[in-house]
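Colleague: Before I ask anything, let me first share the structure, which is written out below as C-alpha cells.
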Amino acid sequence: MSTPLLISTWSFSLPIIEAEFPRLADTGNALDVVEACAISAESNESIDSVGYGGLPDRNGRCTFDAAVMKSPSESGAVCGIERHRHPVSVARLVMEQTEHSMLVGSLADDFADKQGITSENILAESAKAKWEAWKKTNMPPVPPPPLDIGTGELFGSHDTIGTIGIDAGGTMAGSCSTSGMAWKVPGRVGDSPIIGHGLYVDPQRGAATGTGHGELISGICGSFLIVELMGRGASPEDAIHDTLARLAQCWPLKKEHQVAFIATTPKGKYAAGALRPGFKSAVCDGSQQAILDPEIVLH
Ligand code: SD4
C-alpha cells in the first residue's frame, strides 16, 4: 500500500483536488482521479486558460489541448480540439481505444464524435467578451505572466492545470489540460499535450507536469528532463532546479516569461519550482490539504 498523493498546478486547483482526494485515498484509481480533476477545471468557466471559459486565439477561435499518462507505453493526447469541452477525456480515449498516442485538430473532434462524446460550442460568452475587449485595446498578443497570490484567483491570466496522483495501490497517473496561450497564432500548440513536454509519468522514475510558456518548456522537453534527472538520483527539488536553470540558459528570457513545474517520485516525495515569483501549487497528501509556495524560484 502507498500513501496517496494528489498535487496540482496553481491555487485555483486546491478545491478541485480536495474534492477528488477522498476517492484517491479510498479505492479510486489515479487515472480516474487526475482525469476528474482536469474535467472539473475544464467545466469551470471562470478558469480562463482551461476548457470552457478558456480564451481563444487572436481570431477569436478557441482550441483545447490535453494529455493523460500512466507510463511511457500508456499515454494519450489531443491538440486543437474545437468541438468538445473535455479534451482530457478525449485524450484518455486515444490512450485506451487506439494504438496511437496523439490525435489533432478536426480529426480528433471526429474521433470524439465516434466515441459518443457530444459535440458542443467551446467558446464561452465570457471568453468571447474578453477577446472582443482585447481586440479593441490593441494589447500585445503575449499576456503578462500570471500572478498567484494563493487565494485561488490568478491575476493576469489563469493557466494550465497539470495534476499528478498516486493512488493507494501505488499507481501513478498525470493529466494536463489547457486552452493554450491567450490570443495565440491560430494553430499554435504549446507543451501541455506533448508527452515529455507538459507531462511525463514513468512508474520507475517519477512524474512531472509543467505550466506557463509552453514554447520554453518544449525547448528542453521539460517534464521528461525532470523525470529523467529523478531517475538518475536527483531529488524532485534538484531535478526541477536543474531543469529551470537549463531552460534559463537556453532561452533569451523576456519579462513576460513564466514557467513552473511540479514533480514527484514514485514514492510520493514531491516539490515545485518556478522561473519567477507568482506560482503556487496545491497538494493533498493525507497529512495536509494546502496551497504551497514553490521550493525553487530561480529568478
Ligand atoms: C501552453 N503551458 O499552451 C500552456 C498554457 C499556456 O497561457 O500557455 N497558458 O503553453
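Note on naming: chains are A, B, ... as they come in the C-alpha cells, residues start from 1 per chain, ligands start from 1 in the order shown.
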Hey, which residues sit close to ligand 1? Say within 10 Å, counting only C-alpha atoms and all ligand atoms, and write them as number ranges by chain.
Modeller: A: 48-50, 54-55, 64-66, 142-146, 156-162, 176-184, 188-194, 197-198, 209-218, 257-260
Colleague: Write the residues of the selection above to a file with N, CA and C atoms, as a short mmCIF file (atom, residue, chain, number, x, y, z; two decimals), in the first residue's frame.
Modeller:
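After the write, result06.cif holds the following:
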```cif
data_model
loop_
_atom_site.label_atom_id
_atom_site.label_comp_id
_atom_site.auth_asym_id
_atom_site.auth_seq_id
_atom_site.Cartn_x
_atom_site.Cartn_y
_atom_site.Cartn_z
N ASP A 48 -9.86 30.84 -17.02
CA ASP A 48 -9.88 31.27 -18.41
C ASP A 48 -8.70 30.78 -19.25
N SER A 49 -8.01 29.72 -18.77
CA SER A 49 -6.98 29.12 -19.61
C SER A 49 -7.13 27.60 -19.69
N VAL A 50 -8.28 27.09 -19.26
CA VAL A 50 -8.55 25.65 -19.31
C VAL A 50 -10.02 25.45 -19.69
N GLY A 54 -12.03 29.17 -21.48
CA GLY A 54 -10.66 29.42 -21.95
C GLY A 54 -10.66 30.48 -23.05
N LEU A 55 -9.58 31.26 -23.08
CA LEU A 55 -9.50 32.37 -24.03
C LEU A 55 -9.10 31.86 -25.42
N PHE A 64 -8.57 23.54 -27.66
CA PHE A 64 -8.10 22.92 -26.41
C PHE A 64 -7.04 21.85 -26.70
N ASP A 65 -6.12 21.72 -25.75
CA ASP A 65 -5.09 20.66 -25.81
C ASP A 65 -5.09 19.92 -24.47
N ALA A 66 -4.85 18.61 -24.51
CA ALA A 66 -4.78 17.87 -23.24
C ALA A 66 -4.01 16.56 -23.42
N VAL A 142 1.10 38.61 -26.34
CA VAL A 142 1.57 37.75 -25.26
C VAL A 142 1.22 38.42 -23.94
N PRO A 143 0.26 37.83 -23.20
CA PRO A 143 -0.16 38.45 -21.95
C PRO A 143 0.92 38.36 -20.88
N PRO A 144 0.85 39.22 -19.84
CA PRO A 144 1.83 39.16 -18.77
C PRO A 144 1.72 37.84 -18.02
N PRO A 145 2.80 37.42 -17.32
CA PRO A 145 2.73 36.14 -16.61
C PRO A 145 1.69 36.19 -15.51
N PRO A 146 1.01 35.07 -15.26
CA PRO A 146 0.02 35.06 -14.20
C PRO A 146 0.66 35.21 -12.82
N GLY A 156 -3.78 38.46 -13.96
CA GLY A 156 -3.25 38.19 -15.28
C GLY A 156 -4.14 37.11 -15.86
N SER A 157 -3.53 36.08 -16.37
CA SER A 157 -4.34 35.03 -16.99
C SER A 157 -4.21 33.75 -16.18
N HIS A 158 -5.33 33.02 -16.09
CA HIS A 158 -5.24 31.69 -15.49
C HIS A 158 -4.34 30.84 -16.36
N ASP A 159 -3.96 29.69 -15.85
CA ASP A 159 -3.04 28.87 -16.64
C ASP A 159 -3.42 27.40 -16.60
N THR A 160 -2.62 26.62 -17.28
CA THR A 160 -2.82 25.18 -17.42
C THR A 160 -3.02 24.48 -16.08
N ILE A 161 -3.93 23.50 -16.07
CA ILE A 161 -3.97 22.62 -14.91
C ILE A 161 -3.22 21.33 -15.24
N GLY A 162 -2.19 21.06 -14.43
CA GLY A 162 -1.45 19.80 -14.51
C GLY A 162 -1.61 19.12 -13.16
N CYS A 176 -3.07 16.80 -17.97
CA CYS A 176 -2.70 18.19 -18.24
C CYS A 176 -3.72 18.73 -19.25
N SER A 177 -4.31 19.88 -18.98
CA SER A 177 -5.33 20.41 -19.89
C SER A 177 -5.22 21.92 -19.98
N THR A 178 -5.39 22.44 -21.19
CA THR A 178 -5.25 23.89 -21.38
C THR A 178 -6.01 24.35 -22.61
N SER A 179 -6.36 25.64 -22.61
CA SER A 179 -6.83 26.25 -23.85
C SER A 179 -5.67 26.98 -24.53
N GLY A 180 -4.49 26.79 -23.97
CA GLY A 180 -3.28 27.35 -24.59
C GLY A 180 -3.13 28.83 -24.30
N MET A 181 -2.18 29.42 -24.97
CA MET A 181 -1.88 30.82 -24.73
C MET A 181 -3.00 31.70 -25.28
N ALA A 182 -3.45 32.66 -24.47
CA ALA A 182 -4.48 33.58 -24.95
C ALA A 182 -3.97 34.35 -26.16
N TRP A 183 -4.80 34.55 -27.12
CA TRP A 183 -4.54 35.35 -28.33
C TRP A 183 -3.42 34.74 -29.19
N LYS A 184 -3.23 33.43 -29.08
CA LYS A 184 -2.17 32.76 -29.84
C LYS A 184 -2.40 32.86 -31.36
N ARG A 188 -1.44 27.29 -33.10
CA ARG A 188 -0.36 27.11 -32.12
C ARG A 188 -0.71 26.00 -31.10
N VAL A 189 0.26 25.15 -30.82
CA VAL A 189 0.13 24.15 -29.76
C VAL A 189 1.32 24.34 -28.83
N GLY A 190 1.06 24.36 -27.54
CA GLY A 190 2.15 24.52 -26.57
C GLY A 190 2.67 23.18 -26.07
N ASP A 191 3.15 23.18 -24.85
CA ASP A 191 3.77 21.98 -24.27
C ASP A 191 2.74 20.97 -23.74
N SER A 192 1.57 21.47 -23.33
CA SER A 192 0.67 20.67 -22.48
C SER A 192 0.30 19.29 -23.04
N PRO A 193 -0.05 19.18 -24.34
CA PRO A 193 -0.47 17.86 -24.82
C PRO A 193 0.70 17.01 -25.31
N ILE A 194 1.91 17.54 -25.26
CA ILE A 194 3.04 16.80 -25.84
C ILE A 194 3.75 16.03 -24.73
N HIS A 197 6.89 17.00 -22.64
CA HIS A 197 6.99 18.46 -22.54
C HIS A 197 6.16 18.93 -21.34
N GLY A 198 4.81 18.93 -21.50
CA GLY A 198 3.95 19.40 -20.41
C GLY A 198 3.64 18.34 -19.38
N THR A 209 4.83 17.67 -14.28
CA THR A 209 3.99 18.42 -15.22
C THR A 209 4.34 19.90 -15.14
N GLY A 210 4.10 20.60 -16.25
CA GLY A 210 4.54 21.99 -16.33
C GLY A 210 3.39 22.93 -16.65
N THR A 211 3.62 24.19 -16.41
CA THR A 211 2.65 25.23 -16.73
C THR A 211 3.43 26.50 -17.10
N GLY A 212 2.77 27.38 -17.84
CA GLY A 212 3.43 28.61 -18.25
C GLY A 212 3.71 28.60 -19.74
N HIS A 213 4.74 29.30 -20.14
CA HIS A 213 5.01 29.46 -21.58
C HIS A 213 5.52 28.16 -22.20
N GLY A 214 4.61 27.55 -22.93
CA GLY A 214 4.87 26.22 -23.44
C GLY A 214 6.08 26.14 -24.36
N GLU A 215 6.35 27.20 -25.10
CA GLU A 215 7.47 27.16 -26.03
C GLU A 215 8.77 26.92 -25.27
N LEU A 216 8.90 27.57 -24.10
CA LEU A 216 10.12 27.41 -23.31
C LEU A 216 10.24 25.99 -22.77
N ILE A 217 9.11 25.46 -22.31
CA ILE A 217 9.11 24.09 -21.75
C ILE A 217 9.44 23.09 -22.85
N SER A 218 8.82 23.29 -24.02
CA SER A 218 9.04 22.35 -25.12
C SER A 218 10.50 22.35 -25.56
N HIS A 257 7.89 36.00 -19.53
CA HIS A 257 8.05 34.55 -19.47
C HIS A 257 7.89 34.02 -18.05
N GLN A 258 7.06 33.02 -17.91
CA GLN A 258 6.95 32.29 -16.64
C GLN A 258 6.80 30.81 -16.98
N VAL A 259 7.49 29.99 -16.22
CA VAL A 259 7.38 28.53 -16.34
C VAL A 259 7.42 27.96 -14.93
N ALA A 260 6.59 26.97 -14.66
CA ALA A 260 6.63 26.31 -13.35
C ALA A 260 6.40 24.81 -13.54
#
```
Colleague: What's the 7 Å shell around A:Ile122, counting only C-alpha atoms, without same-chain residues fewer than 4 positions away, as a PyMOL selection string?
Modeller: chain A and resi 52+62+82-85
Colleague: For A:Thr265, which of A:Ala207, A:Ala248, A:Ile166, A:Met172 is the closest residue, counting only C-alpha atoms?
Modeller: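 Among A:Ala207, A:Ala248, A:Ile166, A:Met172, it is A:Ala207 that comes nearest to A:Thr265.
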Colleague: As a list in words, please: the residues near A:Ala272 (cut-off 6 Å, only C-alpha atoms, same-chain neighbours under 2 positions excluded).
Modeller: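 Near A:Ala272, the qualifying residues are Phe261, Ile262, Pro294 and Glu295 of chain A.
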Colleague: Which polymer residues have any atom within 8 Å of an atom of stretch 107-112 of chain A, counting only C-alpha atoms, with same-chain residues fewer than 2 positions away left out, as a ChimeraX atom specification?
Modeller: /A:78-79,81-84,90,103-105,114-118
Colleague: I need the residues of stretch 27-206 of chain A that end up classed as strand (DSSP E) by DSSP on the backbone, written out as a ChimeraX atom specification.
Modeller: /A:64-71,74-81,102-104,147-148,154-155,161-166,172-178,199-202,206
Colleague: List as a PyMOL selection string the protein and nucleic acid residues near A:Gly165, meaning an atom at most 6 Å away when only C-alpha atoms are counted, but skip any in the same chain fewer than 5 places from it.
Modeller: chain A and resi 5-6+30+172-173
Colleague: Kindly export the residues of the current selection with N, CA, C and O atoms, as a short mmCIF file (atom, residue, chain, number, x, y, z; two decimals), in the first residue's frame.
Modeller:
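This went into out.cif:
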```
data_model
loop_
_atom_site.label_atom_id
_atom_site.label_comp_id
_atom_site.auth_asym_id
_atom_site.auth_seq_id
_atom_site.Cartn_x
_atom_site.Cartn_y
_atom_site.Cartn_z
N LEU A 5 -1.36 10.54 -2.91
CA LEU A 5 -0.89 11.92 -3.11
C LEU A 5 -1.60 12.49 -4.33
O LEU A 5 -1.75 11.82 -5.35
N LEU A 6 -2.03 13.75 -4.21
CA LEU A 6 -2.61 14.46 -5.35
C LEU A 6 -2.00 15.87 -5.34
O LEU A 6 -2.16 16.61 -4.35
N ALA A 30 -5.70 6.22 -9.80
CA ALA A 30 -5.08 7.53 -10.05
C ALA A 30 -5.52 8.13 -11.38
O ALA A 30 -5.74 9.35 -11.47
N MET A 172 0.66 5.54 -10.38
CA MET A 172 0.81 6.97 -10.60
C MET A 172 0.15 7.32 -11.95
O MET A 172 0.21 6.53 -12.90
N ALA A 173 -0.46 8.51 -12.04
CA ALA A 173 -1.02 8.97 -13.32
C ALA A 173 -0.99 10.49 -13.34
O ALA A 173 -0.99 11.13 -12.27
#
```
Colleague: Enter the distance from atom CA of A:Leu244 to atom CA of A:Leu275, in Å, rounded to one decimal.
Modeller: 6.4 Å
Colleague: Which residues are close to A:Ala245, i.e. within 12 Å by only C-alpha atoms, leaving aside same-chain residues fewer than 3 positions away? Reply as a list in words.
Modeller: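 Non-adjacent residues within range: Leu216, Ile217, Ile220, Gly222, Leu225, Ile226, Asp238, Ala239, Ile240, His241, Asp242, Ala248, Gln249, Cys250, Trp251, Leu253, Val259, Ala260, Gly273, Ala274, Leu275, Arg276, Ile296, Val297, Leu298 and His299 of chain A.
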Colleague: Give the alpha helix (DSSP H) residues of stretch 52-268 of chain A, as DSSP finds them on the backbone, and put them as a ChimeraX atom specification.
Modeller: /A:87-97,105-114,125-137,214-219,222-231,236-250
Colleague: Which residues are near A:Glu228? Cut-off 12 Å, only C-alpha atoms, ignore same chain within fewer than 4 positions. Put them as a ChimeraX atom specification.
Modeller: /A:196,200-208,221-224,232-236,238-240,242-243,263-265
